[in-house]
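First comes the structure, then the notes that go with it.
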Amino acid sequence: MKSVKNLAKWYFSKAALPYWGILLLDCIFVMLAGFLIYIALHGVEDTVAFSSSLFWTLCAFLVCYMISFRAFHTYDGVIRYSSFRDLFRVSQSVLVAVLLIFIFQLIADATGVPVLFGVLEIVLMALVAVVCMWTARVWVKTLYEKFSHPDNRVRTFILGVNEGVALAKNINSSESSQFEVCGFVTDRVNLEHRRLMGVKVYRFDGSLPEKMLNTGTRTLIVPPQVMNVLRDNEQMVDDMADAGIKILVMPNAREWDRKHDISIRDLHPVDVEDLLPREKIQIDLRSASDLIKGHTVMITGAAGSIGSEMVMQVARFEPSCMVLIDQAETPMHDIRLMLRGKCPDIKAETIVGNITDSVYMERIFRQYKPEYVFHAAAYKHVPMMEDNPYESVVNNIKGTKVIADLAVRYATKKFVMVSTDKAVNPTNVMGCSKRICEIYVQSLDKALKDGKVEGRTQFVTTRFGNVLGSNGSVIPLFQEQIKRGGPVTVTHPDIIRYFMLIPEACKLVIEAGTMGKGGEIYVFDMGKPVKIVELAQRMIRLSGAKDVEIKFTGLRDGEKLYEEVLTSEETTLPTFHPKIKVAKVREYAFEDVCLSIDDLIERAGGLDDMEIVRNMKRMVPEFKSHHSKYESLDK
């Protein structure tokens, strides 16, 4: 059987049937159609009697056909991949050939040259010829699809009718495809039990898993356009997972917003990131492109989860230079290699350095004079910062102050700070440190506008919650725990979190940053919150793992049951984008903020953790510690 398949692959390859071979085959069909029509209408005797004149007439007609074939390039395509478009092009070429033949006949009649064919013969000849050419192409395509695929293909259904057809064609036309399309699935009642591309259409309902198993099918492929059908039918996903049916989707959640052709190479097993309830965020970044193109852009924290995605998105806008700063050497090396591979034409300076080093940072600003700064560098892990409040002060607060002050000194046009939902009514040291950063850049912006500080920089803050797949986030942790056989650790049965895709979050940061006029704290609409224990249960079920225990470990230091993002109408104002709001927050006098922050930074090295946090609470009165040793300071 393998030798038959190899022979079929060679027989339908360009080596066995080159382009001139397709043209020759079509010419034979034309000549054969002419002879058959003449015999059918005039009999064998007349055909033999006029054989010489008939032959030269058909040769003249063939010239007309060849001119039309050349004009429509009917022989340029790969015949084994013929589509309806190719068949339509063949039909167009035959129609034009008939028109050329009629012109030829008019000239022949005017010059007295006898022509044996009338209008009826010419039309019938064209119909027979086009049917022969269609049949040959369909036959070659069918045989190729039948014999060229491997024997051990996986039987699969495809979710979606209109969307699924394109994917099914891709699968059928691929020599190396490991799938065999055995059915389509739809939620449209009027299409149930119909046939599409020769296979049955099934209804997307509770009986689908059983029907798939009855047909020997254990795989469902889901095009990206119909992922919402899965998200809206959580029970169906669970039932299919319980039945042992594998769900394959494309593209990966981190890439779902990027435009690319549908390809079976993009398929991957469905994961919880694909199924989280959310609406795709539509963002128009043309204004960002107009501002960034041809300018120097600095990104701090460039090797982090947010920073690295910011690097790739900003690179798309073709800045004249990208100045990338992070203190993590190996991840920065990875960023350098990534840019060389994906954006070789973009000038990028990858700098390993600490943002708290004011001398070194000033040297960088003096050399590159960035026009736009995206400040994503920060320590972000809540329990770590509860144990290390000094680092929160130095890295988060001092680092932000150093970069912000240098942005003013070197006439940066816009400074965009990446903040967090944990800065809203903070219950932990990390959230409080980010709130102090917000206070500083917002008060500095107001001082610039009031003329109290000389400069032109606009300061914009963006605030959002957890991002999917970020370093240290809960989803990679759960994946690793499931792989080890459990237990999966959840801090509390009622804890909920908001999630957003990294590309979505970065696009909103760029748009809010470029559209903001300065002084705003932009809050992103994070969609519906997700219960973490349900997230863990779904991940276990989708993995196919059995008997994986979920263990509740208790809230970590400084952790909330829920995060606040301030998107209610009482605390926000609408903006240019429905997913972006402006937070209503208290304004602070820049002089007072400077004194407090300078004092905190200067004294932090000589204070113990409790005194550092006490000073932070004085600056942010709404900071009330939760599940932390610092709760005693709130009494």
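We name chains A, B, ... following the order of the structure tokens; residues begin at 1 in each chain, and ligands are numbered from 1 as shown.
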
| Leaving out Met133 in chain A and any residue of its chain fewer than 2 positions from it, which residues lie within 9 Å of it when counting only C-alpha atoms, given as an MDAnalysis selection string? | chainID A and resid 25:26 29:30 87 90 128:131 135:138

| said: What parts of range 13-104 of chain A does DSSP call helix (DSSP H, G or I)? I'd like the answer as a PyMOL selection string. | reply: chain A and resi 19-49+51-72+79-81+84-104

| request: Select, from A:Leu116, A:Asp109, A:Met384, A:Gly558, the residue with the minimum atom-to-atom distance to Ser51 in chain A, counting only C-alpha atoms. | output: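 Among the listed residues, A:Leu116 lies closest to Ser51 in chain A.
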
| task | Rounded to one decimal place, report the CA of Asp494 in chain A-CA of Leu535 in chain A distance in Å. | result | 11.8 Å
